[in-house]
file my_file.json (JSON, C-alpha atoms)
[["chain", "number", "residue", "atom", "x", "y", "z"],
["P", 1, "MET", "CA", -2.93, 12.19, -24.29],
["P", 2, "HIS", "CA", -1.31, 14.89, -22.19],
["P", 3, "HIS", "CA", -2.74, 17.74, -24.25],
["P", 4, "HIS", "CA", -6.28, 16.78, -23.10],
["P", 5, "ARG", "CA", -5.36, 17.01, -19.43],
["P", 6, "PRO", "CA", -6.06, 20.72, -18.79],
["P", 7, "ILE", "CA", -9.52, 20.44, -20.38],
["P", 8, "ARG", "CA", -10.32, 17.31, -18.37],
["P", 9, "GLN", "CA", -9.17, 19.00, -15.18],
["P", 10, "PHE", "CA", -11.53, 21.88, -15.92],
["P", 11, "ILE", "CA", -14.47, 19.73, -16.98],
["P", 12, "ALA", "CA", -14.10, 16.98, -14.37],
["P", 13, "PRO", "CA", -15.21, 19.13, -11.39],
["P", 14, "ILE", "CA", -18.27, 20.31, -13.36],
["P", 15, "VAL", "CA", -19.18, 16.76, -14.36],
["P", 16, "LEU", "CA", -18.66, 15.52, -10.79],
["P", 17, "LEU", "CA", -20.80, 18.39, -9.47],
["P", 18, "LEU", "CA", -23.60, 17.53, -11.91],
["P", 19, "VAL", "CA", -23.35, 13.82, -11.13],
["P", 20, "GLY", "CA", -23.31, 14.65, -7.43],
["P", 21, "LEU", "CA", -26.45, 16.78, -7.77],
["P", 22, "PHE", "CA", -28.12, 14.00, -9.73],
["P", 23, "ILE", "CA", -27.23, 11.43, -7.10],
["P", 24, "ALA", "CA", -28.25, 13.72, -4.27],
["P", 25, "SER", "CA", -31.66, 14.45, -5.75],
["P", 26, "CYS", "CA", -32.50, 11.32, -7.70],
["P", 27, "SER", "CA", -31.04, 8.36, -5.89],
["P", 28, "THR", "CA", -33.30, 5.61, -4.68],
["P", 29, "SER", "CA", -32.51, 3.19, -1.95],
["P", 30, "SER", "CA", -30.61, 0.20, -3.28],
["P", 31, "GLY", "CA", -30.53, -3.37, -2.02],
["P", 32, "PRO", "CA", -28.65, -4.47, 1.06],
["P", 33, "SER", "CA", -25.25, -4.39, -0.63],
["P", 34, "ALA", "CA", -23.58, -3.83, -3.95],
["P", 35, "THR", "CA", -22.99, -7.05, -5.85],
["P", 36, "ALA", "CA", -19.55, -8.62, -6.00],
["P", 37, "LYS", "CA", -19.23, -7.54, -9.64],
["P", 38, "GLU", "CA", -20.04, -3.93, -8.74],
["P", 39, "ASP", "CA", -17.64, -4.08, -5.81],
["P", 40, "SER", "CA", -14.67, -5.47, -7.73],
["P", 41, "TRP", "CA", -13.61, -2.04, -9.02],
["P", 42, "LEU", "CA", -13.29, -0.88, -5.41],
["P", 43, "ALA", "CA", -10.23, -3.12, -5.10],
["P", 44, "GLU", "CA", -8.29, -0.45, -7.03],
["P", 45, "TYR", "CA", -8.84, 1.82, -4.03],
["P", 46, "ASN", "CA", -8.25, -0.91, -1.41],
["P", 47, "LEU", "CA", -11.91, -0.68, -0.39],
["P", 48, "ASP", "CA", -13.21, -4.08, -1.51],
["P", 49, "GLY", "CA", -14.58, -6.26, 1.27],
["P", 50, "LEU", "CA", -15.16, -3.30, 3.61],
["P", 51, "ASP", "CA", -18.59, -2.30, 4.84],
["P", 52, "GLY", "CA", -20.02, 1.22, 4.63],
["P", 53, "ARG", "CA", -18.79, 2.24, 8.07],
["P", 54, "GLU", "CA", -15.25, 0.97, 7.42],
["P", 55, "ILE", "CA", -14.99, 2.72, 4.03],
["P", 56, "THR", "CA", -16.33, 5.97, 5.50],
["P", 57, "GLU", "CA", -13.80, 5.95, 8.32],
["P", 58, "GLN", "CA", -10.89, 4.90, 6.11],
["P", 59, "LEU", "CA", -11.46, 7.65, 3.54],
["P", 60, "ASP", "CA", -12.32, 10.42, 6.02],
["P", 61, "THR", "CA", -9.18, 9.84, 8.09],
["P", 62, "MET", "CA", -6.84, 9.32, 5.12],
["P", 63, "PRO", "CA", -4.12, 11.95, 4.58],
["P", 64, "VAL", "CA", -5.32, 14.39, 1.90],
["P", 65, "GLU", "CA", -2.31, 13.75, -0.35],
["P", 66, "ASP", "CA", -3.06, 10.01, -0.35],
["P", 67, "ARG", "CA", -6.70, 10.37, -1.40],
["P", 68, "PRO", "CA", -7.67, 9.02, -4.80],
["P", 69, "GLY", "CA", -8.32, 12.01, -7.05],
["P", 70, "ASP", "CA", -10.68, 10.12, -9.34],
["P", 71, "LEU", "CA", -12.95, 8.67, -6.63],
["P", 72, "ILE", "CA", -15.96, 10.47, -5.19],
["P", 73, "ALA", "CA", -17.48, 9.05, -2.00],
["P", 74, "SER", "CA", -20.63, 10.83, -0.89],
["P", 75, "VAL", "CA", -22.01, 10.13, 2.60],
["P", 76, "GLU", "CA", -25.79, 10.19, 2.39],
["P", 77, "PRO", "CA", -28.01, 9.59, 5.42],
["P", 78, "LYS", "CA", -28.52, 5.86, 4.78],
["P", 79, "GLU", "CA", -25.87, 4.90, 2.22],
["P", 80, "LEU", "CA", -22.40, 5.64, 0.95],
["P", 81, "VAL", "CA", -22.41, 6.39, -2.78],
["P", 82, "LEU", "CA", -19.09, 5.84, -4.55],
["P", 83, "PHE", "CA", -18.24, 6.57, -8.18],
["P", 84, "ASP", "CA", -15.15, 7.24, -10.24],
["P", 85, "ASP", "CA", -14.20, 8.72, -13.61],
["P", 86, "GLN", "CA", -14.53, 5.29, -15.27],
["P", 87, "GLU", "CA", -18.31, 5.32, -14.64],
["P", 88, "ASN", "CA", -18.07, 2.70, -11.91],
["P", 89, "GLU", "CA", -20.61, 3.21, -9.14],
["P", 90, "ALA", "CA", -21.66, 1.48, -5.93],
["P", 91, "SER", "CA", -24.13, 2.24, -3.15],
["P", 92, "ILE", "CA", -23.17, 0.67, 0.14],
["P", 93, "PRO", "CA", -25.53, 0.73, 3.13],
["P", 94, "LEU", "CA", -24.47, 2.52, 6.28],
["P", 95, "PRO", "CA", -25.30, 1.10, 9.72],
["P", 96, "ALA", "CA", -29.06, 0.90, 10.31],
["P", 97, "GLU", "CA", -28.85, 2.35, 13.82],
["P", 98, "GLU", "CA", -26.12, 4.94, 13.26],
["P", 99, "PHE", "CA", -25.79, 8.21, 11.34],
["P", 100, "TYR", "CA", -22.40, 9.60, 10.25],
["P", 101, "LEU", "CA", -22.07, 13.32, 10.85],
["P", 102, "SER", "CA", -18.95, 15.04, 9.61],
["P", 103, "PHE", "CA", -18.24, 18.62, 10.63],
["P", 104, "ALA", "CA", -15.53, 21.19, 10.02],
["P", 105, "PRO", "CA", -15.29, 24.02, 12.54],
["P", 106, "TYR", "CA", -13.67, 27.15, 11.15],
["P", 107, "LEU", "CA", -12.40, 30.61, 11.98],
["P", 108, "GLU", "CA", -12.26, 32.39, 8.61],
["P", 109, "GLN", "CA", -13.11, 30.18, 5.62],
["P", 110, "THR", "CA", -15.73, 27.54, 4.90],
["P", 111, "HIS", "CA", -17.76, 26.07, 2.03],
["P", 112, "ASP", "CA", -21.35, 24.97, 1.49],
["P", 113, "CYS", "CA", -21.90, 21.29, 2.02],
["P", 114, "HIS", "CA", -24.89, 18.96, 2.43],
["P", 115, "PHE", "CA", -23.61, 15.42, 1.85],
["P", 116, "HIS", "CA", -20.04, 14.98, 3.03],
["P", 117, "SER", "CA", -17.60, 14.09, 0.26],
["P", 118, "LEU", "CA", -14.95, 11.90, 1.82],
["P", 119, "THR", "CA", -12.35, 12.54, -0.88],
["P", 120, "THR", "CA", -12.85, 16.21, -1.76],
["P", 121, "CYS", "CA", -14.24, 18.20, 1.22],
["P", 122, "LEU", "CA", -11.59, 20.29, 2.94],
["P", 123, "GLY", "CA", -11.98, 22.29, 6.13],
["P", 124, "GLU", "CA", -9.83, 25.09, 7.49],
["P", 125, "MET", "CA", -8.73, 23.57, 10.82],
["P", 126, "ARG", "CA", -6.53, 20.56, 10.07],
["P", 127, "HIS", "CA", -4.98, 18.55, 12.92],
["P", 128, "GLN", "CA", -6.56, 20.67, 15.64],
["P", 129, "GLN", "CA", -7.60, 19.42, 19.06],
["P", 130, "ILE", "CA", -11.25, 20.31, 19.69],
["P", 131, "ASP", "CA", -13.72, 19.56, 22.47],
["P", 132, "VAL", "CA", -17.00, 18.18, 21.14],
["P", 133, "THR", "CA", -20.32, 17.66, 22.90],
["P", 134, "VAL", "CA", -23.59, 16.40, 21.46],
["P", 135, "THR", "CA", -26.66, 16.86, 23.67],
["P", 136, "ASP", "CA", -30.03, 15.29, 22.83],
["P", 137, "SER", "CA", -32.60, 18.09, 22.48],
["P", 138, "ASP", "CA", -35.51, 16.02, 23.81],
["P", 139, "THR", "CA", -33.87, 14.39, 26.83],
["P", 140, "ASP", "CA", -30.88, 16.66, 27.57],
["P", 141, "VAL", "CA", -28.79, 13.48, 27.68],
["P", 142, "VAL", "CA", -25.17, 14.09, 26.63],
["P", 143, "LEU", "CA", -24.55, 11.62, 23.81],
["P", 144, "PHE", "CA", -20.91, 12.55, 23.17],
["P", 145, "ASP", "CA", -18.42, 14.57, 25.20],
["P", 146, "GLU", "CA", -14.80, 14.11, 24.19],
["P", 147, "SER", "CA", -11.73, 15.89, 22.95],
["P", 148, "VAL", "CA", -10.94, 14.85, 19.37],
["P", 149, "ARG", "CA", -8.40, 15.81, 16.75],
["P", 150, "THR", "CA", -9.60, 16.95, 13.35],
["P", 151, "TYR", "CA", -8.47, 14.83, 10.42],
["P", 152, "ASP", "CA", -6.07, 15.95, 7.70],
["P", 153, "ASN", "CA", -9.10, 17.23, 5.74],
["P", 154, "GLY", "CA", -10.10, 19.56, 8.59],
["P", 155, "PHE", "CA", -13.17, 17.51, 9.53],
["P", 156, "ALA", "CA", -14.11, 15.36, 12.49],
["P", 157, "GLY", "CA", -16.71, 12.61, 12.20],
["P", 158, "LEU", "CA", -19.14, 11.11, 14.69],
["P", 159, "TRP", "CA", -21.41, 8.08, 14.56],
["P", 160, "LEU", "CA", -24.63, 9.17, 16.28],
["P", 161, "PRO", "CA", -27.94, 7.43, 16.94],
["P", 162, "ARG", "CA", -30.44, 7.82, 14.10],
["P", 163, "ASP", "CA", -33.58, 9.95, 14.28],
["P", 164, "ILE", "CA", -32.54, 12.35, 17.01],
["P", 165, "THR", "CA", -32.39, 16.12, 17.26],
["P", 166, "ALA", "CA", -29.48, 17.45, 19.24],
["P", 167, "THR", "CA", -27.10, 20.34, 19.79],
["P", 168, "LEU", "CA", -23.52, 20.02, 18.56],
["P", 169, "THR", "CA", -21.01, 22.21, 20.38],
["P", 170, "VAL", "CA", -17.37, 22.57, 19.39],
["P", 171, "THR", "CA", -14.80, 24.38, 21.53],
["P", 172, "HIS", "CA", -11.22, 25.25, 20.54],
["P", 173, "GLY", "CA", -9.26, 27.24, 23.10],
["P", 174, "ASP", "CA", -11.49, 30.12, 24.19],
["P", 175, "ARG", "CA", -13.67, 29.99, 21.05],
["P", 176, "SER", "CA", -16.76, 27.88, 20.54],
["P", 177, "ALA", "CA", -19.81, 27.36, 18.35],
["P", 178, "SER", "CA", -23.08, 25.48, 18.75],
["P", 179, "ILE", "CA", -25.57, 24.35, 16.14],
["P", 180, "PRO", "CA", -28.79, 22.30, 16.13],
["P", 181, "ILE", "CA", -28.43, 19.00, 14.26],
["P", 182, "SER", "CA", -30.63, 16.07, 13.36],
["P", 183, "THR", "CA", -29.95, 12.55, 12.17],
["P", 184, "ASP", "CA", -33.11, 11.72, 10.25],
["P", 185, "ALA", "CA", -33.35, 10.47, 6.67],
["P", 186, "GLU", "CA", -33.34, 14.04, 5.26],
["P", 187, "ALA", "CA", -30.54, 15.43, 7.42],
["P", 188, "PRO", "CA", -27.25, 16.75, 6.05],
["P", 189, "THR", "CA", -24.21, 14.60, 6.77],
["P", 190, "CYS", "CA", -21.85, 17.58, 6.44],
["P", 191, "ILE", "CA", -21.79, 20.59, 8.77],
["P", 192, "THR", "CA", -19.61, 23.52, 7.67],
["P", 193, "THR", "CA", -21.37, 26.37, 9.49],
["P", 194, "LEU", "CA", -19.60, 26.07, 12.87],
["P", 195, "GLN", "CA", -17.72, 29.39, 13.00],
["P", 196, "LEU", "CA", -15.78, 29.54, 16.24],
["P", 197, "THR", "CA", -16.13, 32.90, 17.99]]

call {"tool": "encode", "arguments": {"input": "my_file.json", "output": "structure tokens"}}
result
Amino acid sequence: MHHHRPIRQFIAPIVLLLVGLFIASCSTSSGPSATAKEDSWLAEYNLDGLDGREITEQLDTMPVEDRPGDLIASVEPKELVLFDDQENEASIPLPAEEFYLSFAPYLEQTHDCHFHSLTTCLGEMRHQQIDVTVTDSDTDVVLFDESVRTYDNGFAGLWLPRDITATLTVTHGDRSASIPISTDAEAPTCITTLQLT
């Protein structure tokens, strides 16, 4: 079996990219929860019995070296889509009133991202203390204003109210970046354009 490994390692990212594009563009909203039968495979990843919010937080904060290499977990605006290389798949609803926004500030290097991949997205600034504010564009109300530490993957994640437009500002030392964000049903869950200057 080992002689197939290099080919699989080359093909797997392409297959996952194609599957990811298919899911991103063709998925329909599923029922309130995956069935028990669909969920049983998640036990292999210690994710069975967890809701969408719990799985999202567990995978996003997990040390990179501990992340399952064969599991893809894509955060979409209303659901978490999970699939692995054994063709198992589940769509788990995310909280009705909250939107998960993951963002990776950077200095030099970034990547394009629309739906945050909890197991594969990597940002440049791992384990960095950053100051984060989110200000509602319509009301000027500050929704979030805290110092947080980026996860091992270089991202930080926030649960924000749904259907808002706001400004996200990240400050690290004497550098900062601001970007308009939204949390509607079409919004990206992954922000990788925050270059600190």

call {"tool": "atom_distance", "arguments": {"input": "my_file.json", "atom1": "atom CA of P:Tyr151", "atom2": "atom CA of P:Leu59"}}
result
10.4 Å

call {"tool": "atom_distance", "arguments": {"input": "my_file.json", "atom1": "atom CA of P:Glu65", "atom2": "atom CA of P:Gly123"}}
result
14.4 Å

call {"tool": "atom_distance", "arguments": {"input": "my_file.json", "atom1": "atom CA of P:Glu108", "atom2": "atom CA of P:Leu160"}}
result
27.4 Å

call {"tool": "closest_residue", "arguments": {"input": "my_file.json", "among": "P:Leu118, P:Gln195, P:Asp140, P:Leu50", "to": "P:Asp152", "atoms": "only C-alpha atoms"}}
result
P:Leu118

call {"tool": "closest_atom_pairs", "arguments": {"input": "my_file.json", "of": "stretch 73-155 of chain P", "to": "stretch 165-177 of chain P", "cutoff": "12 Å", "atoms": "all atoms listed in the file", "output": "JSON lines"}}
result
{"residue": "P:Phe99", "atom": "CA", "partner": "P:Thr165", "partner_atom": "CA", "distance": 11.9}
{"residue": "P:Leu101", "atom": "CA", "partner": "P:Leu168", "partner_atom": "CA", "distance": 10.3}
{"residue": "P:Ser102", "atom": "CA", "partner": "P:Leu168", "partner_atom": "CA", "distance": 11.2}
{"residue": "P:Phe103", "atom": "CA", "partner": "P:Leu168", "partner_atom": "CA", "distance": 9.6}
{"residue": "P:Ala104", "atom": "CA", "partner": "P:Val170", "partner_atom": "CA", "distance": 9.6}
{"residue": "P:Pro105", "atom": "CA", "partner": "P:Val170", "partner_atom": "CA", "distance": 7.3}
{"residue": "P:Tyr106", "atom": "CA", "partner": "P:Ala177", "partner_atom": "CA", "distance": 9.5}
{"residue": "P:Leu107", "atom": "CA", "partner": "P:Arg175", "partner_atom": "CA", "distance": 9.2}
{"residue": "P:Met125", "atom": "CA", "partner": "P:His172", "partner_atom": "CA", "distance": 10.2}
{"residue": "P:His127", "atom": "CA", "partner": "P:His172", "partner_atom": "CA", "distance": 11.9}
{"residue": "P:Gln128", "atom": "CA", "partner": "P:His172", "partner_atom": "CA", "distance": 8.2}
{"residue": "P:Gln129", "atom": "CA", "partner": "P:His172", "partner_atom": "CA", "distance": 7.0}
{"residue": "P:Ile130", "atom": "CA", "partner": "P:His172", "partner_atom": "CA", "distance": 5.0}
{"residue": "P:Asp131", "atom": "CA", "partner": "P:Thr171", "partner_atom": "CA", "distance": 5.0}
{"residue": "P:Val132", "atom": "CA", "partner": "P:Val170", "partner_atom": "CA", "distance": 4.7}
{"residue": "P:Thr133", "atom": "CA", "partner": "P:Thr169", "partner_atom": "CA", "distance": 5.2}
{"residue": "P:Val134", "atom": "CA", "partner": "P:Leu168", "partner_atom": "CA", "distance": 4.6}
{"residue": "P:Thr135", "atom": "CA", "partner": "P:Thr167", "partner_atom": "CA", "distance": 5.2}
{"residue": "P:Asp136", "atom": "CA", "partner": "P:Ala166", "partner_atom": "CA", "distance": 4.2}
{"residue": "P:Ser137", "atom": "CA", "partner": "P:Ala166", "partner_atom": "CA", "distance": 4.5}
{"residue": "P:Asp138", "atom": "CA", "partner": "P:Thr165", "partner_atom": "CA", "distance": 7.3}
{"residue": "P:Thr139", "atom": "CA", "partner": "P:Ala166", "partner_atom": "CA", "distance": 9.3}
{"residue": "P:Asp140", "atom": "CA", "partner": "P:Ala166", "partner_atom": "CA", "distance": 8.5}
{"residue": "P:Val141", "atom": "CA", "partner": "P:Ala166", "partner_atom": "CA", "distance": 9.4}
{"residue": "P:Val142", "atom": "CA", "partner": "P:Ala166", "partner_atom": "CA", "distance": 9.2}
{"residue": "P:Leu143", "atom": "CA", "partner": "P:Ala166", "partner_atom": "CA", "distance": 8.9}
{"residue": "P:Phe144", "atom": "CA", "partner": "P:Leu168", "partner_atom": "CA", "distance": 9.2}
{"residue": "P:Asp145", "atom": "CA", "partner": "P:Thr169", "partner_atom": "CA", "distance": 9.4}
{"residue": "P:Glu146", "atom": "CA", "partner": "P:Val170", "partner_atom": "CA", "distance": 10.1}
{"residue": "P:Ser147", "atom": "CA", "partner": "P:Thr171", "partner_atom": "CA", "distance": 9.1}
{"residue": "P:Val148", "atom": "CA", "partner": "P:Val170", "partner_atom": "CA", "distance": 10.0}
{"residue": "P:Arg149", "atom": "CA", "partner": "P:His172", "partner_atom": "CA", "distance": 10.6}
{"residue": "P:Thr150", "atom": "CA", "partner": "P:His172", "partner_atom": "CA", "distance": 11.1}
{"residue": "P:Phe155", "atom": "CA", "partner": "P:Val170", "partner_atom": "CA", "distance": 11.9}

call {"tool": "closest_residue", "arguments": {"input": "my_file.json", "among": "P:Glu98, P:Glu89, P:Asp184, P:Glu57", "to": "P:Ile72", "atoms": "all atoms listed in the file"}}
result
P:Glu89

call {"tool": "residues_around", "arguments": {"input": "my_file.json", "residues": "P:Glu124", "least_positions_apart": "5", "cutoff": "7 Å", "atoms": "all atoms listed in the file", "output": "ChimeraX atom specification"}}
result
/P:106,109-110,154
